[in-house]
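J.: Coordinates in query-v3.txt, compact mmCIF, C-alpha atoms and all ligand atoms, are listed below.
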```txt
# COMPACT_ATOMS: atom_id res chain seq x y z
CA MET H 1 -5.94 2.13 26.47
CA THR H 2 -7.75 3.54 23.47
CA ILE H 3 -5.80 4.42 20.36
CA ALA H 4 -7.69 6.75 18.03
CA VAL H 5 -6.78 6.90 14.36
CA ALA H 6 -7.84 10.19 12.75
CA GLY H 7 -8.30 9.77 9.01
CA ALA H 8 -9.92 6.76 7.37
CA GLY H 9 -7.85 6.76 4.19
CA ALA H 10 -5.50 3.99 3.11
CA PHE H 11 -2.79 4.57 5.71
CA GLY H 12 -5.03 5.26 8.71
CA THR H 13 -7.02 2.14 7.89
CA ALA H 14 -3.89 0.00 7.53
CA LEU H 15 -2.52 1.17 10.89
CA ALA H 16 -5.89 0.65 12.58
CA ILE H 17 -6.10 -2.88 11.15
CA THR H 18 -2.65 -3.99 12.31
CA LEU H 19 -3.16 -2.49 15.78
CA ALA H 20 -6.63 -4.02 16.19
CA ARG H 21 -5.35 -7.36 14.96
CA ALA H 22 -2.65 -7.17 17.64
CA GLY H 23 -5.36 -6.88 20.29
CA ARG H 24 -5.18 -3.11 20.90
CA ASP H 25 -8.30 -1.12 21.65
CA VAL H 26 -8.56 0.98 18.46
CA THR H 27 -11.14 3.36 17.04
CA ILE H 28 -10.80 4.76 13.53
CA TRP H 29 -12.41 8.12 12.84
CA GLY H 30 -13.44 9.37 9.39
CA ARG H 31 -15.06 12.73 8.74
CA ASP H 32 -17.91 11.35 6.61
CA PRO H 33 -20.66 9.73 8.75
CA GLU H 34 -22.23 7.96 5.76
CA ALA H 35 -18.94 6.45 4.67
CA MET H 36 -18.23 5.25 8.22
CA ALA H 37 -21.71 3.68 8.51
CA GLU H 38 -21.13 1.95 5.18
CA ALA H 39 -17.72 0.68 6.34
CA ARG H 40 -19.29 -0.76 9.52
CA GLN H 41 -21.82 -2.55 7.31
CA SER H 42 -19.43 -3.83 4.63
CA GLY H 43 -16.39 -4.48 6.85
CA ARG H 44 -14.17 -2.63 4.34
CA MET H 45 -12.88 0.92 4.06
CA PRO H 46 -13.16 2.30 0.47
CA ARG H 47 -9.55 3.56 0.22
CA LEU H 48 -8.23 0.15 1.30
CA ALA H 49 -10.93 -2.19 0.10
CA LYS H 50 -8.49 -5.08 -0.25
CA ALA H 51 -8.24 -5.73 3.47
CA PRO H 52 -11.16 -6.79 5.71
CA LEU H 53 -11.58 -4.74 8.89
CA PRO H 54 -11.19 -6.79 12.10
CA ASP H 55 -14.45 -7.15 14.08
CA THR H 56 -12.78 -5.56 17.11
CA LEU H 57 -11.97 -2.32 15.23
CA LYS H 58 -14.40 0.44 16.15
CA ILE H 59 -15.44 2.84 13.39
CA THR H 60 -16.86 6.28 14.01
CA ALA H 61 -17.45 9.74 12.59
CA ASP H 62 -17.96 11.16 16.09
CA ALA H 63 -15.03 13.39 17.08
CA ALA H 64 -15.88 12.86 20.77
CA ILE H 65 -13.58 9.80 20.67
CA PHE H 66 -10.52 12.07 20.56
CA GLY H 67 -11.26 13.29 24.09
CA ASP H 68 -11.25 9.68 25.39
CA ALA H 69 -8.16 8.49 23.50
CA ARG H 70 -4.78 8.05 25.20
CA VAL H 71 -2.95 8.35 21.87
CA VAL H 72 -4.12 9.82 18.56
CA LEU H 73 -2.57 8.84 15.21
CA LEU H 74 -2.95 11.64 12.67
CA ALA H 75 -3.40 10.00 9.26
CA VAL H 76 -4.85 12.90 7.25
CA PRO H 77 -2.83 14.33 4.31
CA ALA H 78 -0.09 16.78 5.32
CA GLN H 79 -1.82 19.81 3.78
CA LYS H 80 -4.99 19.03 5.79
CA LEU H 81 -3.27 18.51 9.13
CA GLY H 82 -3.36 22.13 10.34
CA GLY H 83 -7.09 22.50 9.66
CA PHE H 84 -7.86 19.16 11.31
CA LEU H 85 -5.86 20.07 14.44
CA SER H 86 -7.52 23.49 14.74
CA ASP H 87 -10.97 21.91 14.40
CA HIS H 88 -10.27 19.47 17.26
CA ALA H 89 -7.70 21.39 19.33
CA THR H 90 -9.62 21.24 22.61
CA ALA H 91 -10.13 17.46 22.51
CA LEU H 92 -6.52 16.86 21.45
CA ALA H 93 -4.87 19.10 24.08
CA GLY H 94 -2.17 17.48 26.19
CA LYS H 95 -2.21 14.14 24.31
CA PRO H 96 0.51 12.28 22.45
CA LEU H 97 -0.22 13.05 18.79
CA VAL H 98 1.56 10.84 16.26
CA ALA H 99 1.68 12.39 12.79
CA CYS H 100 1.61 9.66 10.13
CA CYS H 101 1.62 12.03 7.16
CA LYS H 102 4.62 12.88 4.98
CA GLY H 103 4.96 16.43 3.77
CA ILE H 104 5.84 20.06 4.43
CA ASP H 105 2.89 22.32 5.20
CA LEU H 106 2.60 25.01 2.54
CA ALA H 107 0.96 27.53 4.87
CA THR H 108 3.75 27.47 7.46
CA LEU H 109 6.68 25.78 5.64
CA THR H 110 7.06 23.40 8.59
CA GLY H 111 6.78 19.63 8.93
CA PRO H 112 3.96 17.92 10.86
CA SER H 113 5.69 18.37 14.24
CA GLY H 114 5.81 22.14 13.70
CA VAL H 115 2.14 22.16 12.67
CA ILE H 116 1.24 20.25 15.86
CA ALA H 117 3.31 22.66 17.99
CA GLN H 118 1.53 25.64 16.45
CA ARG H 119 -2.03 24.29 16.60
CA VAL H 120 -2.03 22.15 19.80
CA SER H 121 0.94 23.45 21.76
CA SER H 122 0.26 21.29 24.85
CA ALA H 123 0.45 18.03 22.87
CA THR H 124 3.46 15.70 22.72
CA ALA H 125 4.31 15.53 19.01
CA ALA H 126 5.64 12.33 17.43
CA ILE H 127 6.20 11.17 13.86
CA LEU H 128 5.59 7.70 12.42
CA THR H 129 7.26 7.32 9.04
CA GLY H 130 9.29 4.99 6.84
CA PRO H 131 8.93 2.50 3.99
CA SER H 132 5.48 0.92 4.04
CA PHE H 133 2.63 0.65 1.62
CA ALA H 134 -0.75 0.64 3.34
CA ASP H 135 -1.70 -2.60 1.57
CA ASP H 136 1.40 -4.36 2.91
CA ILE H 137 0.70 -3.34 6.51
CA ALA H 138 -2.97 -4.22 6.22
CA ILE H 139 -2.42 -7.74 4.91
CA GLY H 140 0.18 -8.42 7.58
CA LEU H 141 3.38 -8.33 5.53
CA PRO H 142 6.44 -7.43 7.64
CA THR H 143 7.26 -3.72 7.78
CA ALA H 144 9.68 -1.56 9.79
CA LEU H 145 9.11 2.14 10.51
CA THR H 146 10.67 4.97 12.50
CA LEU H 147 8.89 6.48 15.51
CA ALA H 148 10.38 9.89 16.30
CA CYS H 149 9.67 11.86 19.47
CA ARG H 150 11.82 14.55 21.10
CA ASP H 151 10.80 13.27 24.53
CA SER H 152 12.62 9.93 24.68
CA ALA H 153 10.48 8.47 27.49
CA ALA H 154 7.29 9.33 25.59
CA GLY H 155 8.88 7.88 22.44
CA GLU H 156 9.63 4.59 24.24
CA THR H 157 6.04 4.32 25.44
CA LEU H 158 4.69 5.02 21.94
CA GLN H 159 7.10 2.50 20.43
CA GLU H 160 5.66 -0.20 22.69
CA GLN H 161 2.06 0.87 22.18
CA LEU H 162 2.28 0.97 18.38
CA THR H 163 4.56 -1.99 17.56
CA THR H 164 2.67 -5.09 16.42
CA PRO H 165 3.88 -8.59 15.52
CA THR H 166 4.29 -7.52 11.86
CA LEU H 167 4.98 -3.77 12.25
CA ARG H 168 8.36 -3.21 13.91
CA LEU H 169 9.12 0.31 15.13
CA TYR H 170 12.58 1.78 15.64
CA ARG H 171 12.90 4.83 17.84
CA THR H 172 14.70 8.16 17.48
CA THR H 173 14.57 11.60 19.09
CA ASP H 174 15.53 13.22 15.76
CA VAL H 175 12.09 14.46 14.77
CA ALA H 176 13.45 16.84 12.10
CA GLY H 177 15.37 14.02 10.43
CA ALA H 178 12.42 11.63 10.44
CA GLU H 179 9.87 14.07 9.07
CA LEU H 180 12.18 15.64 6.49
CA GLY H 181 13.21 12.21 5.21
CA GLY H 182 9.57 11.20 4.76
CA ALA H 183 8.63 14.47 3.08
CA LEU H 184 11.61 14.84 0.77
CA LYS H 185 11.68 11.28 -0.57
CA ASN H 186 8.29 11.93 -2.21
CA VAL H 187 9.79 14.77 -4.26
CA ILE H 188 12.62 12.53 -5.46
CA ALA H 189 10.09 9.78 -6.25
CA ILE H 190 8.25 12.18 -8.57
CA ALA H 191 11.57 12.93 -10.30
CA CYS H 192 12.29 9.20 -10.69
CA GLY H 193 8.80 8.54 -12.06
CA ALA H 194 9.20 11.36 -14.59
CA CYS H 195 12.57 9.93 -15.60
CA ILE H 196 11.12 6.47 -16.27
CA GLY H 197 7.92 7.88 -17.82
CA ALA H 198 9.96 9.94 -20.27
CA GLY H 199 12.05 6.91 -21.23
CA LEU H 200 15.32 8.27 -19.82
CA GLY H 201 16.29 4.87 -18.44
CA GLN H 202 17.20 3.09 -15.23
CA SER H 203 20.77 4.45 -15.13
CA ALA H 204 19.36 7.96 -15.00
CA ARG H 205 16.95 6.91 -12.27
CA ALA H 206 19.81 5.51 -10.17
CA ALA H 207 21.67 8.79 -10.61
CA LEU H 208 18.56 10.76 -9.58
CA MET H 209 18.04 8.61 -6.50
CA THR H 210 21.66 9.07 -5.45
CA ARG H 211 21.91 12.79 -6.14
CA GLY H 212 18.40 13.17 -4.72
CA PHE H 213 19.53 11.48 -1.54
CA ALA H 214 22.55 13.82 -1.34
CA GLU H 215 20.10 16.73 -1.69
CA MET H 216 17.86 15.30 1.05
CA VAL H 217 20.80 15.00 3.45
CA ARG H 218 22.03 18.50 2.58
CA ILE H 219 18.63 20.12 3.15
CA ALA H 220 17.78 18.14 6.25
CA THR H 221 21.09 18.71 8.03
CA GLN H 222 20.90 22.44 7.28
CA LEU H 223 17.46 22.42 8.87
CA GLY H 224 18.73 20.70 12.04
CA ALA H 225 18.43 16.96 11.26
CA GLU H 226 21.11 14.33 11.91
CA ALA H 227 22.61 12.76 8.78
CA ASP H 228 22.32 9.27 10.33
CA THR H 229 18.55 9.56 10.48
CA LEU H 230 18.44 10.26 6.75
CA ALA H 231 20.42 7.07 6.16
CA GLY H 232 17.74 5.11 8.05
CA LEU H 233 14.24 3.83 7.37
CA SER H 234 12.62 7.26 7.22
CA GLY H 235 15.07 8.55 4.59
CA LEU H 236 17.02 6.11 2.46
CA GLY H 237 14.66 3.22 3.27
CA ASP H 238 11.57 5.06 2.10
CA LEU H 239 13.43 6.59 -0.85
CA ALA H 240 14.37 3.11 -2.10
CA LEU H 241 10.77 1.91 -1.86
CA THR H 242 9.05 4.93 -3.34
CA CYS H 243 11.43 5.59 -6.24
CA THR H 244 11.25 2.05 -7.56
CA SER H 245 7.66 0.90 -7.12
CA ASP H 246 4.64 1.63 -9.23
CA LEU H 247 2.57 1.05 -6.09
CA SER H 248 3.73 4.54 -5.06
CA ARG H 249 1.36 7.35 -5.97
CA ASN H 250 4.19 9.91 -6.06
CA TYR H 251 6.15 7.70 -8.45
CA ARG H 252 3.08 7.07 -10.64
CA TYR H 253 2.32 10.79 -10.73
CA GLY H 254 5.90 11.35 -11.90
CA VAL H 255 5.49 8.69 -14.60
CA ALA H 256 2.37 10.54 -15.82
CA LEU H 257 4.33 13.82 -15.91
CA GLY H 258 7.09 12.12 -17.88
CA GLN H 259 4.58 10.73 -20.36
CA GLY H 260 2.74 14.04 -20.65
CA GLN H 261 -0.42 12.40 -19.31
CA SER H 262 -2.91 13.80 -16.79
CA PHE H 263 -3.25 12.28 -13.30
CA ASP H 264 -6.34 11.79 -11.13
CA ALA H 265 -6.57 14.89 -8.89
CA GLY H 266 -8.35 12.83 -6.22
CA VAL H 267 -5.24 10.77 -5.49
CA THR H 268 -3.08 11.89 -2.58
CA VAL H 269 0.33 12.93 -4.00
CA GLU H 270 2.18 14.58 -1.11
CA GLY H 271 5.38 15.32 -3.06
CA ALA H 272 3.74 17.93 -5.33
CA ALA H 273 2.97 20.43 -2.54
CA THR H 274 6.19 19.51 -0.74
CA ALA H 275 8.26 20.41 -3.83
CA LEU H 276 6.67 23.87 -3.79
CA ALA H 277 7.10 24.27 -0.02
CA MET H 278 10.75 23.16 -0.19
CA THR H 279 11.47 25.50 -3.10
CA GLN H 280 10.13 28.39 -0.97
CA LEU H 281 11.98 27.20 2.14
CA GLY H 282 15.17 26.72 0.09
CA ALA H 283 14.94 30.31 -1.14
CA GLN H 284 14.57 31.53 2.47
CA HIS H 285 17.58 29.52 3.69
CA GLY H 286 19.78 29.88 0.60
CA LEU H 287 19.75 26.10 -0.03
CA ASP H 288 20.96 24.51 -3.27
CA LEU H 289 18.06 22.23 -4.36
CA PRO H 290 18.54 21.28 -8.03
CA VAL H 291 16.28 18.19 -8.10
CA THR H 292 13.54 19.73 -5.96
CA THR H 293 13.59 22.88 -8.10
CA VAL H 294 13.05 20.98 -11.36
CA VAL H 295 10.35 18.79 -9.80
CA ASN H 296 8.52 21.91 -8.69
CA ALA H 297 8.87 23.42 -12.17
CA LEU H 298 7.48 20.20 -13.73
CA VAL H 299 4.57 20.09 -11.27
CA GLN H 300 3.74 23.75 -11.87
CA GLY H 301 3.95 23.23 -15.64
CA ASP H 302 6.80 25.74 -15.91
CA GLN H 303 9.22 23.25 -17.52
CA THR H 304 9.05 20.24 -19.80
CA VAL H 305 10.92 17.06 -18.90
CA ALA H 306 13.46 17.86 -21.65
CA GLU H 307 14.06 21.31 -20.13
CA ALA H 308 14.30 19.83 -16.62
CA LEU H 309 16.86 17.30 -17.83
CA GLN H 310 18.84 19.99 -19.58
CA SER H 311 18.90 22.18 -16.49
CA LEU H 312 20.26 19.28 -14.37
CA LEU H 313 22.87 18.17 -16.94
CA SER H 314 24.14 21.70 -17.61
CA ARG H 315 24.99 22.46 -13.99
CA PRO H 316 28.67 23.26 -13.35
CA LEU H 317 30.82 20.16 -12.88
CA LYS H 318 31.72 19.50 -9.26
CA GLU H 319 33.15 16.96 -6.81
CA GLU H 320 30.72 14.26 -5.72
N1 LIG O 401 -0.99 4.97 1.57
C1 LIG O 401 0.21 4.63 1.97
O1 LIG O 401 0.73 3.56 1.57
C2 LIG O 401 0.96 5.49 2.94
C3 LIG O 401 0.57 6.79 3.22
N2 LIG O 401 1.31 7.55 4.08
C4 LIG O 401 0.93 8.93 4.36
O2 LIG O 401 -0.33 8.97 5.01
C5 LIG O 401 -0.96 10.21 4.71
C6 LIG O 401 -2.38 9.92 4.31
O3 LIG O 401 -2.31 9.19 3.11
P1 LIG O 401 -3.36 8.09 2.69
O4 LIG O 401 -4.12 7.57 3.85
O5 LIG O 401 -2.66 7.11 1.86
O6 LIG O 401 -4.30 8.98 1.78
P2 LIG O 401 -5.77 8.67 1.26
O7 LIG O 401 -5.96 9.55 0.09
O8 LIG O 401 -5.98 7.22 1.11
O9 LIG O 401 -6.69 9.16 2.46
C7 LIG O 401 -6.70 10.44 2.96
C8 LIG O 401 -7.88 10.50 3.93
O10 LIG O 401 -7.84 11.74 4.61
C9 LIG O 401 -9.16 12.20 4.70
N3 LIG O 401 -9.12 13.65 4.86
C10 LIG O 401 -8.74 14.57 3.96
N4 LIG O 401 -8.86 15.81 4.48
C11 LIG O 401 -9.35 15.64 5.73
C12 LIG O 401 -9.71 16.53 6.77
N5 LIG O 401 -9.57 17.85 6.63
N6 LIG O 401 -10.17 16.02 7.93
C13 LIG O 401 -10.31 14.71 8.08
N7 LIG O 401 -9.98 13.80 7.13
C14 LIG O 401 -9.51 14.28 5.98
C15 LIG O 401 -9.82 11.77 3.39
O11 LIG O 401 -11.22 11.74 3.53
C16 LIG O 401 -9.22 10.39 3.21
O12 LIG O 401 -10.00 9.43 3.87
C17 LIG O 401 -0.13 10.88 3.61
O13 LIG O 401 0.66 11.90 4.17
C18 LIG O 401 0.76 9.77 3.10
O14 LIG O 401 2.00 10.23 2.63
C19 LIG O 401 2.39 7.05 4.71
C20 LIG O 401 2.82 5.78 4.47
C21 LIG O 401 2.14 4.90 3.56
O1 LIG O 402 4.97 6.70 1.69
C1 LIG O 402 4.70 5.68 1.10
C2 LIG O 402 5.50 4.45 1.21
O2 LIG O 402 6.36 4.49 2.31
C3 LIG O 402 3.56 5.68 0.16
O3 LIG O 402 3.99 6.29 -0.99
P1 LIG O 402 2.99 7.10 -1.93
O4 LIG O 402 2.35 8.18 -1.08
O5 LIG O 402 3.85 7.63 -3.01
O6 LIG O 402 1.97 6.10 -2.42
```
Using structure tokens, write down the structure that the file contains.

T.:
Amino acid sequence: MTIAVAGAGAFGTALAITLARAGRDVTIWGRDPEAMAEARQSGRMPRLAKAPLPDTLKITADAAIFGDARVVLLAVPAQKLGGFLSDHATALAGKPLVACCKGIDLATLTGPSGVIAQRVSSATAAILTGPSFADDIAIGLPTALTLACRDSAAGETLQEQLTTPTLRLYRTTDVAGAELGGALKNVIAIACGACIGAGLGQSARAALMTRGFAEMVRIATQLGAEADTLAGLSGLGDLALTCTSDLSRNYRYGVALGQGQSFDAGVTVEGAATALAMTQLGAQHGLDLPVTTVVNALVQGDQTVAEALQSLLSRPLKEE
């Protein structure tokens, strides 16, 4: 059974490594033929150079592999997912497609499962999400993630196919909960980074994490998710990791915002576009999104950290 991993960035590479190491038949696809030839030669992928690629892992830039794959993991950034799926829609038709990206698509204001449904309607959409840095997975540290699929039988099969001795997958049919948890925690991580970067302290960060989590649950349940899913790996679990670690790009981006520094535009920071998408979606649905709104204003350069803080602290007093 061939597993294809689409996207040869840090996360796609980490997943391909753990699956290949567990004896699965895996091919990783990257869009740049030269980079893939170089990776075959060097045994390393540039975005995850720390970890050697197993000899059994196949590396290609030939999209023909998607037609042969039984399962395709989609590890391209959330804002690139729609374009990727349209480019390869024929080869991907009817397959289980597991979105490994975390974000809300700005063009459609939907999560990855909605993007899959729109672009490859015959596919079985699943989501793989939760607390895990690519480096940790790649070097074989223990990690636990959520695999969400509306079709519970298909979800069970994917859970077995994608679990490895060090990567433990839990299963749910709550796709909305899993993908919203993964997308929204990045926005809160930017807020927490900005808080620490601006020197506002760890007490303020704990408050932001907690009120941010309340906001995540409120948004997600209004959009059809189950609150329990948000309390699991894909929500609270990933929030805890991302808001407290400087290994997180979203957190580091927030720190840079808080310090008034620039940030490398080549780094994938999913929470920036998601803050904008959620602000737009919140306006459509009449949602109260105080943290997301200030993160979006910071990202867009419409507010300073001092103004963002003031707008959060001056909100009317309320019950917790
Ligand atoms: N790095 C990590 O620790 C984790 C990342 N994720 C998620 O995985 C997703 C991907 O992130 P990373 O791999 O870390 O990013 P990355 O920046 O390391 O790699 C992104 C890859 O996508 C490729 N790409 C971009 N546009 C493309 C397109 N149109 N077609 C084909 N390939 C394209 C790039 O060439 C690059 O290789 C994100 O949504 C992220 O939130 C999830 C868990 C952990
Ligand atoms: O999603 C992640 C950890 O679960 C990776 O976080 P960053 O995208 O912020 O690096």

J.: Please determine, counting all atoms listed in the file, which residue among H:Gly260, H:Gly140, H:Gly271, H:Pro54 has the shortest atom-to-atom distance to Pro77 (chain H).

T.: H:Gly271

J.: Smallest atom-to-atom distance to ligand LIG 402 (chain O): which of H:Glu226, H:Asp87, H:Glu270, H:Glu156, using all atoms listed in the file?

T.: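 So, comparing all the options, the nearest one is H:Glu270.
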
J.: Within 6 Å of ligand LIG 401 (chain O), counting all atoms listed in the file, which protein or nucleic acid residues do you find, written as a PyMOL selection string?

T.: chain H and resi 7-12+31+47+75-78+80+84+100-102+132-134+267-268+270

J.: Residues up to 6 Å from ligand LIG 402 (chain O), counting all atoms listed in the file: could you list those as a short mmCIF file (atom, residue, chain, number, x, y, z; two decimals) with C-alpha atoms, in the coordinates of the input?

T.:
```
data_model
loop_
_atom_site.label_atom_id
_atom_site.label_comp_id
_atom_site.auth_asym_id
_atom_site.auth_seq_id
_atom_site.Cartn_x
_atom_site.Cartn_y
_atom_site.Cartn_z
CA GLY H 130 9.29 4.99 6.84
CA PRO H 131 8.93 2.50 3.99
CA SER H 132 5.48 0.92 4.04
CA PHE H 133 2.63 0.65 1.62
CA ASP H 238 11.57 5.06 2.10
CA THR H 242 9.05 4.93 -3.34
CA SER H 248 3.73 4.54 -5.06
CA ARG H 249 1.36 7.35 -5.97
CA ASN H 250 4.19 9.91 -6.06
CA TYR H 251 6.15 7.70 -8.45
CA VAL H 269 0.33 12.93 -4.00
#
```

J.: So, counting all atoms listed in the file, which residue among H:Thr108, H:Thr18, H:Ser245, H:Thr129 is closest to Thr56 (chain H)?

T.: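 Of all the options, H:Thr18 lies closest to Thr56 (chain H).
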
J.: Show me, as a ChimeraX atom specification, the residues that have an atom within 7 Å of region 185-187 of chain H when counting only C-alpha atoms, minus same-chain residues fewer than 2 positions from it.

T.: /H:181-183,189-191,235,238-239,250,270-272,274-275,292,295

J.: Counting all atoms listed in the file, which residue out of H:Glu179, H:Asp151, H:Asp62, H:Glu307 sits closest to Val294 (chain H)?

T.: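 Checking each of H:Glu179, H:Asp151, H:Asp62, H:Glu307 against Val294 (chain H), counting all atoms listed in the file, the winner is H:Glu307.
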
J.: Closest to Met36 (chain H) among H:Gln222, H:Thr244, H:Thr13, H:Thr293, using only C-alpha atoms?

T.: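 Selected residue with least distance to Met36 (chain H): H:Thr13.
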
J.: With only C-alpha atoms as the basis for distance, which of H:Ala39, H:Ala14, H:Leu289, H:Cys149 is at the shortest distance from Glu215 (chain H)?

T.: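 Of H:Ala39, H:Ala14, H:Leu289, H:Cys149, the one nearest Glu215 (chain H), counting only C-alpha atoms, is H:Leu289.
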
J.: Compute the distance from (10.0, 10.6, 26.2) to each atom, counting only C-alpha atoms, keep the residues with any atom at most 12 Å away, and return them as number ranges by chain; use the coordinates of the file.

T.: H: 96, 124-126, 147-159, 171-173

J.: Could you name the residues that touch Glu34 (chain H) at 12 Å or less, counting all atoms listed in the file, but leaving out those on the same chain fewer than 3 positions away, as a PDB file with C-alpha atoms, in the frame of the given file?

T.:
```
ATOM      1  CA  GLY H  30     -13.440   9.370   9.390  1.00  0.00           C
ATOM      2  CA  ARG H  31     -15.060  12.730   8.740  1.00  0.00           C
ATOM      3  CA  ALA H  37     -21.710   3.680   8.510  1.00  0.00           C
ATOM      4  CA  GLU H  38     -21.130   1.950   5.180  1.00  0.00           C
ATOM      5  CA  ALA H  39     -17.720   0.680   6.340  1.00  0.00           C
ATOM      6  CA  ARG H  40     -19.290  -0.760   9.520  1.00  0.00           C
ATOM      7  CA  GLN H  41     -21.820  -2.550   7.310  1.00  0.00           C
ATOM      8  CA  MET H  45     -12.880   0.920   4.060  1.00  0.00           C
ATOM      9  CA  PRO H  46     -13.160   2.300   0.470  1.00  0.00           C
ATOM     10  CA  ILE H  59     -15.440   2.840  13.390  1.00  0.00           C
ATOM     11  CA  THR H  60     -16.860   6.280  14.010  1.00  0.00           C
ATOM     12  CA  ALA H  61     -17.450   9.740  12.590  1.00  0.00           C
ATOM     13  CA  ASP H  62     -17.960  11.160  16.090  1.00  0.00           C
TER      14      ASP H  62
END
```

J.: For Val291 (chain H), list every protein, DNA or RNA residue within 12 Å, evaluated using all atoms listed in the file, and leave out those in the same chain fewer than 5 positions away; present the list as number ranges by chain.

T.: H: 184-192, 194-195, 207-216, 219, 275-276, 278-279, 282, 296-298, 308-313, 315

J.: Report, in Å to a single decimal, how far apart CA of His88 (chain H) and CA of Ile28 (chain H) are.

T.: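 CA of His88 (chain H) lies 15.2 Å from CA of Ile28 (chain H).
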
J.: In Å to one decimal, how far is CA of Ala22 (chain H) from CA of Gln161 (chain H)?

T.: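 Result for CA of Gln161 (chain H) versus CA of Ala22 (chain H): 10.4 Å, one decimal.
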
J.: Please fill the gaps in region 57-62 of chain H so it has all heavy atoms, and write that as a PDB file, keeping the file's coordinate frame.

T.:
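Okay, this is what ended up in out.pdb:
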```
ATOM      1  N   LEU H  57     -12.282  -3.722  15.572  1.00  0.00           N
ATOM      2  CA  LEU H  57     -11.970  -2.320  15.230  1.00  0.00           C
ATOM      3  C   LEU H  57     -13.246  -1.481  15.267  1.00  0.00           C
ATOM      4  O   LEU H  57     -14.207  -1.781  14.562  1.00  0.00           O
ATOM      5  CB  LEU H  57     -11.326  -2.260  13.842  1.00  0.00           C
ATOM      6  CG  LEU H  57     -11.061  -0.855  13.278  1.00  0.00           C
ATOM      7  CD1 LEU H  57     -10.090  -0.074  14.169  1.00  0.00           C
ATOM      8  CD2 LEU H  57     -10.505  -0.946  11.859  1.00  0.00           C
ATOM      9  N   LYS H  58     -13.228  -0.440  16.093  1.00  0.00           N
ATOM     10  CA  LYS H  58     -14.400   0.440  16.150  1.00  0.00           C
ATOM     11  C   LYS H  58     -14.281   1.537  15.095  1.00  0.00           C
ATOM     12  O   LYS H  58     -13.177   2.018  14.827  1.00  0.00           O
ATOM     13  CB  LYS H  58     -14.529   1.050  17.551  1.00  0.00           C
ATOM     14  CG  LYS H  58     -15.041   0.037  18.569  1.00  0.00           C
ATOM     15  CD  LYS H  58     -14.837   0.489  19.990  1.00  0.00           C
ATOM     16  CE  LYS H  58     -13.522  -0.024  20.505  1.00  0.00           C
ATOM     17  NZ  LYS H  58     -13.139   0.325  21.817  1.00  0.00           N
ATOM     18  N   ILE H  59     -15.413   1.876  14.506  1.00  0.00           N
ATOM     19  CA  ILE H  59     -15.440   2.840  13.390  1.00  0.00           C
ATOM     20  C   ILE H  59     -16.405   3.947  13.746  1.00  0.00           C
ATOM     21  O   ILE H  59     -17.544   3.663  14.129  1.00  0.00           O
ATOM     22  CB  ILE H  59     -15.920   2.129  12.105  1.00  0.00           C
ATOM     23  CG1 ILE H  59     -15.014   0.949  11.772  1.00  0.00           C
ATOM     24  CG2 ILE H  59     -15.992   3.109  10.938  1.00  0.00           C
ATOM     25  CD1 ILE H  59     -15.582   0.020  10.714  1.00  0.00           C
ATOM     26  N   THR H  60     -15.966   5.187  13.629  1.00  0.00           N
ATOM     27  CA  THR H  60     -16.860   6.280  14.010  1.00  0.00           C
ATOM     28  C   THR H  60     -16.614   7.537  13.172  1.00  0.00           C
ATOM     29  O   THR H  60     -15.538   7.700  12.589  1.00  0.00           O
ATOM     30  CB  THR H  60     -16.683   6.618  15.510  1.00  0.00           C
ATOM     31  OG1 THR H  60     -17.704   7.544  15.909  1.00  0.00           O
ATOM     32  CG2 THR H  60     -15.330   7.256  15.787  1.00  0.00           C
ATOM     33  N   ALA H  61     -17.632   8.403  13.161  1.00  0.00           N
ATOM     34  CA  ALA H  61     -17.450   9.740  12.590  1.00  0.00           C
ATOM     35  C   ALA H  61     -17.657  10.777  13.705  1.00  0.00           C
ATOM     36  O   ALA H  61     -17.770  11.971  13.419  1.00  0.00           O
ATOM     37  CB  ALA H  61     -18.440   9.969  11.461  1.00  0.00           C
ATOM     38  N   ASP H  62     -17.701  10.294  14.952  1.00  0.00           N
ATOM     39  CA  ASP H  62     -17.960  11.160  16.090  1.00  0.00           C
ATOM     40  C   ASP H  62     -16.619  11.596  16.705  1.00  0.00           C
ATOM     41  O   ASP H  62     -15.897  10.775  17.287  1.00  0.00           O
ATOM     42  CB  ASP H  62     -18.808  10.401  17.112  1.00  0.00           C
ATOM     43  CG  ASP H  62     -19.160  11.266  18.308  1.00  0.00           C
ATOM     44  OD1 ASP H  62     -18.666  12.416  18.387  1.00  0.00           O
ATOM     45  OD2 ASP H  62     -19.922  10.791  19.161  1.00  0.00           O
TER      46      ASP H  62
END
```
